[in-house]
file query-v3.csv (CSV, C-alpha atoms)
chain,number,residue,atom,x,y,z
P,1,MET,CA,14.1,0.0,20.9
P,2,LEU,CA,13.9,3.1,18.7
P,3,PRO,CA,11.8,2.7,15.6
P,4,GLU,CA,14.8,3.2,13.3
P,5,ASN,CA,16.7,0.4,15.1
P,6,THR,CA,13.7,-1.9,14.6
P,7,ILE,CA,13.6,-1.1,10.9
P,8,ARG,CA,17.4,-1.7,10.5
P,9,ALA,CA,17.2,-5.0,12.3
P,10,GLY,CA,14.3,-6.1,10.1
P,11,ALA,CA,16.3,-5.2,7.0
P,12,ARG,CA,19.3,-7.2,8.2
P,13,GLY,CA,17.1,-10.2,8.8
P,14,SER,CA,15.4,-10.1,5.4
P,15,ALA,CA,16.0,-12.9,2.9
P,16,GLY,CA,18.3,-12.0,0.0
P,17,ILE,CA,20.0,-9.1,1.8
P,18,ASP,CA,23.7,-9.7,2.0
P,19,ARG,CA,24.2,-6.8,4.3
P,20,SER,CA,21.9,-4.1,5.6
P,21,PRO,CA,21.6,-1.4,3.0
P,22,LEU,CA,20.8,1.1,5.7
P,23,HIS,CA,23.3,3.0,7.8
P,24,ASP,CA,22.3,5.0,10.8
P,25,GLY,CA,22.8,8.7,11.5
P,26,ASP,CA,25.2,9.3,8.6
P,27,GLN,CA,25.7,12.6,6.9
P,28,CYS,CA,23.8,12.2,3.7
P,29,ALA,CA,24.4,15.3,1.7
P,30,ARG,CA,27.1,17.9,1.1
P,31,LYS,CA,25.2,20.0,3.7
P,32,LYS,CA,24.9,19.0,7.3
P,33,PHE,CA,21.9,16.8,7.0
P,34,TYR,CA,21.6,13.5,8.6
P,35,GLY,CA,19.1,10.7,7.9
P,36,ASP,CA,17.7,8.2,10.4
P,37,LEU,CA,18.7,5.4,7.9
P,38,VAL,CA,20.8,6.0,4.8
P,39,ASP,CA,21.8,4.0,1.7
P,40,PHE,CA,24.6,5.9,0.0
P,41,SER,CA,24.8,3.8,-3.3
P,42,ALA,CA,21.0,4.2,-3.9
P,43,ARG,CA,20.9,7.7,-2.4
P,44,VAL,CA,17.9,6.8,-0.3
P,45,ILE,CA,17.1,8.3,3.1
P,46,VAL,CA,14.5,6.9,5.4
P,47,GLU,CA,13.1,9.1,8.0
P,48,ILE,CA,11.1,7.8,11.0
P,49,ASP,CA,9.0,10.6,12.4
P,50,GLY,CA,7.6,10.6,15.9
P,51,ARG,CA,5.0,13.0,17.1
P,52,GLU,CA,7.2,14.2,20.0
P,53,PHE,CA,9.7,15.9,17.6
P,54,HIS,CA,7.3,17.4,15.1
P,55,THR,CA,4.8,19.3,17.2
P,56,ASP,CA,6.0,22.9,16.7
P,57,PRO,CA,5.6,24.7,13.4
P,58,ALA,CA,9.3,25.6,13.0
P,59,THR,CA,10.4,22.0,13.3
P,60,PHE,CA,7.8,20.8,10.9
P,61,ASP,CA,8.7,23.5,8.3
P,62,ASN,CA,12.4,22.8,8.7
P,63,ASP,CA,11.8,19.1,7.9
P,64,ARG,CA,10.1,20.1,4.7
P,65,ARG,CA,12.8,22.5,3.7
P,66,ARG,CA,15.5,19.9,4.5
P,67,GLN,CA,13.7,17.2,2.5
P,68,ASN,CA,13.3,19.4,-0.5
P,69,GLU,CA,17.0,20.3,-0.5
P,70,LEU,CA,17.9,16.6,-0.3
P,71,VAL,CA,15.6,15.8,-3.2
P,72,LEU,CA,17.1,18.6,-5.3
P,73,ASP,CA,20.5,17.1,-4.5
P,74,GLY,CA,19.4,13.7,-5.9
P,75,TRP,CA,18.3,11.9,-2.8
P,76,LEU,CA,15.0,10.0,-2.5
P,77,VAL,CA,13.4,10.5,0.9
P,78,LEU,CA,11.0,7.9,2.4
P,79,ARG,CA,9.1,9.0,5.4
P,80,TYR,CA,7.2,6.8,7.9
P,81,SER,CA,5.5,7.7,11.2
P,82,ALA,CA,7.0,5.9,14.1
P,83,ALA,CA,3.6,4.3,14.8
P,84,THR,CA,3.4,2.9,11.3
P,85,ALA,CA,7.0,1.7,11.3
P,86,LEU,CA,6.4,-0.3,14.5
P,87,ALA,CA,2.8,-1.5,13.7
P,88,ASP,CA,3.5,-2.7,10.1
P,89,LEU,CA,7.2,-3.5,10.3
P,90,ASP,CA,7.3,-6.2,7.6
P,91,ARG,CA,5.6,-4.0,5.0
P,92,VAL,CA,7.8,-1.0,5.8
P,93,VAL,CA,11.0,-3.0,5.6
P,94,ASP,CA,9.8,-4.6,2.3
P,95,GLU,CA,9.1,-1.2,0.8
P,96,ILE,CA,12.5,0.2,1.8
P,97,ILE,CA,14.4,-2.8,0.4
P,98,THR,CA,12.4,-2.7,-2.8
P,99,VAL,CA,13.1,1.0,-3.3
P,100,VAL,CA,16.8,0.6,-2.5
P,101,ARG,CA,17.2,-2.3,-4.9
P,102,ARG,CA,15.4,-0.5,-7.7
P,103,ARG,CA,17.4,2.6,-7.3
P,104,ARG,CA,20.7,0.7,-7.2
P,105,LYS,CA,19.7,-1.2,-10.4
P,106,SER,CA,18.6,2.0,-12.1
P,107,ILE,CA,21.9,3.8,-11.2
P,108,ALA,CA,24.0,0.8,-12.4
P,109,ALA,CA,22.0,0.3,-15.6
P,110,THR,CA,22.6,3.9,-16.7
P,111,ASP,CA,26.2,3.7,-15.6
P,112,ARG,CA,25.9,7.1,-14.0
P,113,ARG,CA,26.2,8.5,-10.6
P,114,LEU,CA,23.6,10.7,-9.0
P,115,PRO,CA,24.8,14.2,-8.0

call {"tool": "encode", "arguments": {"input": "query-v3.csv", "output": "structure tokens"}}
result
Amino acid sequence: MLPENTIRAGARGSAGIDRSPLHDGDQCARKKFYGDLVDFSARVIVEIDGREFHTDPATFDNDRRRQNELVLDGWLVLRYSAATALADLDRVVDEIITVVRRRRKSIAATDRRLP
């Protein structure tokens, strides 16, 4: 199973989650960027990075540029290595759920929408 599928399954099985806050492979900005896991209402993107896709300098640089553009557009990007996501699944899922819930509350409390 791919690491992002493992994370998604963990989020769905967590107590207190009505539905998974994470969607897979969805377009997450006005540009053509996609996140491994996305929560639209909290504007959180989770990226699970494996070494096999980040070995050449151009790919590494492109990921940084892409992340900066997303942050400038109001998204929060959480990054985990595939090894960490699989080895420490419960902690990673808990962190993601905590961030998503906090961002949703913050957005709702200020009665505003992020860009």

call {"tool": "closest_residue", "arguments": {"input": "query-v3.csv", "among": "P:Ser81, P:Ile107, P:Arg101, P:Thr6", "to": "Glu52 of chain P", "atoms": "only C-alpha atoms"}}
result
P:Ser81

call {"tool": "residues_near_point", "arguments": {"input": "query-v3.csv", "point": "(17.3, 9.1, 1.1)", "cutoff": "6 Å", "atoms": "all atoms listed in the file", "output": "PyMOL selection string"}}
result
chain P and resi 38+43-46+75-77

call {"tool": "residues_around", "arguments": {"input": "query-v3.csv", "residues": "Val92 of chain P", "least_positions_apart": "6", "cutoff": "12 Å", "atoms": "all atoms listed in the file", "output": "number ranges by chain"}}
result
P: 3-4, 6-8, 10-11, 14, 46-48, 78-86, 98-99

call {"tool": "atom_distance", "arguments": {"input": "query-v3.csv", "atom1": "atom CA of Asn62 of chain P", "atom2": "atom CA of Leu37 of chain P"}}
result
18.5 Å

call {"tool": "atom_distance", "arguments": {"input": "query-v3.csv", "atom1": "atom CA of Val93 of chain P", "atom2": "atom CA of Asp56 of chain P"}}
result
28.6 Å

call {"tool": "atom_distance", "arguments": {"input": "query-v3.csv", "atom1": "atom CA of Asp49 of chain P", "atom2": "atom CA of Tyr34 of chain P"}}
result
13.5 Å

call {"tool": "axis_aligned_box", "arguments": {"input": "query-v3.csv", "around": "segment 89-100 of chain P", "padding_each_side": "6 Å", "output": "lines of an AutoDock Vina configuration file"}}
result
center_x = 11.2
center_y = -2.6
center_z = 3.5
size_x = 23.2
size_y = 19.2
size_z = 25.6

call {"tool": "decode", "arguments": {"input": "query-v3.csv", "residues": "segment 55-71 of chain P", "atoms": "all heavy atoms", "output": "mmCIF file, in the first residue's frame"}}
result
data_model
loop_
_atom_site.group_PDB
_atom_site.id
_atom_site.type_symbol
_atom_site.label_atom_id
_atom_site.label_comp_id
_atom_site.auth_asym_id
_atom_site.auth_seq_id
_atom_site.Cartn_x
_atom_site.Cartn_y
_atom_site.Cartn_z
ATOM 1 N N THR P 55 15.362 12.552 -6.089
ATOM 2 C CA THR P 55 16.808 12.371 -6.149
ATOM 3 C C THR P 55 17.504 13.385 -7.039
ATOM 4 O O THR P 55 18.643 13.739 -6.789
ATOM 5 C CB THR P 55 17.160 10.948 -6.638
ATOM 6 O OG1 THR P 55 16.518 10.725 -7.893
ATOM 7 C CG2 THR P 55 16.719 9.906 -5.628
ATOM 8 N N ASP P 56 16.832 13.860 -8.068
ATOM 9 C CA ASP P 56 17.527 14.809 -8.938
ATOM 10 C C ASP P 56 17.250 16.245 -8.482
ATOM 11 O O ASP P 56 16.179 16.549 -7.958
ATOM 12 C CB ASP P 56 17.146 14.599 -10.411
ATOM 13 C CG ASP P 56 15.781 15.131 -10.751
ATOM 14 O OD1 ASP P 56 14.793 14.407 -10.543
ATOM 15 O OD2 ASP P 56 15.724 16.277 -11.224
ATOM 16 N N PRO P 57 18.220 17.135 -8.674
ATOM 17 C CA PRO P 57 18.097 18.516 -8.196
ATOM 18 C C PRO P 57 16.893 19.269 -8.758
ATOM 19 O O PRO P 57 16.272 20.058 -8.048
ATOM 20 C CB PRO P 57 19.406 19.170 -8.641
ATOM 21 C CG PRO P 57 20.367 18.043 -8.790
ATOM 22 C CD PRO P 57 19.536 16.871 -9.237
ATOM 23 N N ALA P 58 16.533 19.037 -10.008
ATOM 24 C CA ALA P 58 15.409 19.764 -10.613
ATOM 25 C C ALA P 58 14.097 19.415 -9.912
ATOM 26 O O ALA P 58 13.280 20.300 -9.635
ATOM 27 C CB ALA P 58 15.319 19.451 -12.102
ATOM 28 N N THR P 59 13.874 18.156 -9.610
ATOM 29 C CA THR P 59 12.654 17.740 -8.911
ATOM 30 C C THR P 59 12.624 18.317 -7.514
ATOM 31 O O THR P 59 11.597 18.827 -7.065
ATOM 32 C CB THR P 59 12.564 16.199 -8.847
ATOM 33 O OG1 THR P 59 12.566 15.687 -10.177
ATOM 34 C CG2 THR P 59 11.312 15.748 -8.133
ATOM 35 N N PHE P 60 13.740 18.267 -6.831
ATOM 36 C CA PHE P 60 13.832 18.821 -5.481
ATOM 37 C C PHE P 60 13.520 20.320 -5.497
ATOM 38 O O PHE P 60 12.710 20.809 -4.706
ATOM 39 C CB PHE P 60 15.227 18.561 -4.905
ATOM 40 C CG PHE P 60 15.387 18.981 -3.486
ATOM 41 C CD1 PHE P 60 14.997 18.142 -2.453
ATOM 42 C CD2 PHE P 60 15.924 20.224 -3.163
ATOM 43 C CE1 PHE P 60 15.151 18.533 -1.125
ATOM 44 C CE2 PHE P 60 16.078 20.626 -1.851
ATOM 45 C CZ PHE P 60 15.685 19.769 -0.824
ATOM 46 N N ASP P 61 14.136 21.051 -6.420
ATOM 47 C CA ASP P 61 13.905 22.497 -6.522
ATOM 48 C C ASP P 61 12.456 22.807 -6.892
ATOM 49 O O ASP P 61 11.858 23.744 -6.355
ATOM 50 C CB ASP P 61 14.845 23.128 -7.557
ATOM 51 C CG ASP P 61 16.285 23.174 -7.074
ATOM 52 O OD1 ASP P 61 16.516 23.023 -5.852
ATOM 53 O OD2 ASP P 61 17.174 23.357 -7.918
ATOM 54 N N ASN P 62 11.894 22.042 -7.813
ATOM 55 C CA ASN P 62 10.511 22.260 -8.224
ATOM 56 C C ASN P 62 9.548 22.066 -7.044
ATOM 57 O O ASN P 62 8.585 22.828 -6.891
ATOM 58 C CB ASN P 62 10.132 21.321 -9.370
ATOM 59 C CG ASN P 62 8.744 21.599 -9.884
ATOM 60 O OD1 ASN P 62 8.432 22.723 -10.266
ATOM 61 N ND2 ASN P 62 7.906 20.581 -9.877
ATOM 62 N N ASP P 63 9.802 21.074 -6.208
ATOM 63 C CA ASP P 63 8.959 20.852 -5.025
ATOM 64 C C ASP P 63 8.997 22.055 -4.086
ATOM 65 O O ASP P 63 7.976 22.435 -3.512
ATOM 66 C CB ASP P 63 9.406 19.605 -4.261
ATOM 67 C CG ASP P 63 8.667 18.357 -4.682
ATOM 68 O OD1 ASP P 63 7.888 18.421 -5.657
ATOM 69 O OD2 ASP P 63 8.852 17.314 -4.034
ATOM 70 N N ARG P 64 10.158 22.660 -3.910
ATOM 71 C CA ARG P 64 10.276 23.825 -3.027
ATOM 72 C C ARG P 64 9.542 25.029 -3.610
ATOM 73 O O ARG P 64 8.842 25.748 -2.916
ATOM 74 C CB ARG P 64 11.744 24.182 -2.774
ATOM 75 C CG ARG P 64 12.590 23.244 -1.895
ATOM 76 C CD ARG P 64 11.827 22.291 -1.162
ATOM 77 N NE ARG P 64 12.258 21.177 -0.425
ATOM 78 C CZ ARG P 64 12.000 19.922 -0.764
ATOM 79 N NH1 ARG P 64 11.492 19.601 -1.922
ATOM 80 N NH2 ARG P 64 12.246 18.954 0.066
ATOM 81 N N ARG P 65 9.699 25.249 -4.899
ATOM 82 C CA ARG P 65 9.011 26.356 -5.572
ATOM 83 C C ARG P 65 7.495 26.166 -5.481
ATOM 84 O O ARG P 65 6.757 27.088 -5.128
ATOM 85 C CB ARG P 65 9.440 26.423 -7.040
ATOM 86 C CG ARG P 65 8.788 27.557 -7.820
ATOM 87 C CD ARG P 65 9.042 27.442 -9.321
ATOM 88 N NE ARG P 65 8.645 26.163 -9.878
ATOM 89 C CZ ARG P 65 7.371 25.790 -10.118
ATOM 90 N NH1 ARG P 65 6.373 26.599 -9.835
ATOM 91 N NH2 ARG P 65 7.105 24.615 -10.647
ATOM 92 N N ARG P 66 7.041 24.960 -5.745
ATOM 93 C CA ARG P 66 5.622 24.636 -5.676
ATOM 94 C C ARG P 66 5.072 24.860 -4.275
ATOM 95 O O ARG P 66 4.015 25.464 -4.093
ATOM 96 C CB ARG P 66 5.439 23.180 -6.100
ATOM 97 C CG ARG P 66 4.057 22.647 -6.000
ATOM 98 C CD ARG P 66 4.094 21.147 -6.403
ATOM 99 N NE ARG P 66 2.919 20.483 -5.937
ATOM 100 C CZ ARG P 66 2.764 19.954 -4.732
ATOM 101 N NH1 ARG P 66 3.733 20.012 -3.849
ATOM 102 N NH2 ARG P 66 1.650 19.372 -4.387
ATOM 103 N N GLN P 67 5.791 24.389 -3.266
ATOM 104 C CA GLN P 67 5.345 24.573 -1.885
ATOM 105 C C GLN P 67 5.247 26.049 -1.539
ATOM 106 O O GLN P 67 4.270 26.493 -0.929
ATOM 107 C CB GLN P 67 6.289 23.869 -0.910
ATOM 108 C CG GLN P 67 5.855 24.064 0.539
ATOM 109 C CD GLN P 67 6.662 23.229 1.509
ATOM 110 O OE1 GLN P 67 7.144 22.152 1.163
ATOM 111 N NE2 GLN P 67 6.817 23.711 2.727
ATOM 112 N N ASN P 68 6.228 26.835 -1.929
ATOM 113 C CA ASN P 68 6.194 28.275 -1.643
ATOM 114 C C ASN P 68 5.002 28.945 -2.310
ATOM 115 O O ASN P 68 4.344 29.803 -1.705
ATOM 116 C CB ASN P 68 7.499 28.938 -2.070
ATOM 117 C CG ASN P 68 8.659 28.530 -1.180
ATOM 118 O OD1 ASN P 68 8.468 28.025 -0.083
ATOM 119 N ND2 ASN P 68 9.865 28.729 -1.675
ATOM 120 N N GLU P 69 4.697 28.577 -3.540
ATOM 121 C CA GLU P 69 3.535 29.153 -4.221
ATOM 122 C C GLU P 69 2.241 28.791 -3.498
ATOM 123 O O GLU P 69 1.340 29.625 -3.371
ATOM 124 C CB GLU P 69 3.486 28.689 -5.676
ATOM 125 C CG GLU P 69 4.546 29.349 -6.538
ATOM 126 C CD GLU P 69 4.395 28.997 -8.001
ATOM 127 O OE1 GLU P 69 3.248 28.983 -8.500
ATOM 128 O OE2 GLU P 69 5.418 28.737 -8.643
ATOM 129 N N LEU P 70 2.137 27.562 -3.032
ATOM 130 C CA LEU P 70 0.942 27.139 -2.299
ATOM 131 C C LEU P 70 0.799 27.907 -0.988
ATOM 132 O O LEU P 70 -0.292 28.360 -0.636
ATOM 133 C CB LEU P 70 0.988 25.634 -2.036
ATOM 134 C CG LEU P 70 0.781 24.764 -3.274
ATOM 135 C CD1 LEU P 70 1.199 23.325 -2.990
ATOM 136 C CD2 LEU P 70 -0.656 24.834 -3.747
ATOM 137 N N VAL P 71 1.892 28.079 -0.265
ATOM 138 C CA VAL P 71 1.862 28.829 0.994
ATOM 139 C C VAL P 71 1.446 30.275 0.727
ATOM 140 O O VAL P 71 0.618 30.835 1.448
ATOM 141 C CB VAL P 71 3.227 28.747 1.722
ATOM 142 C CG1 VAL P 71 3.299 29.742 2.868
ATOM 143 C CG2 VAL P 71 3.466 27.325 2.223
#
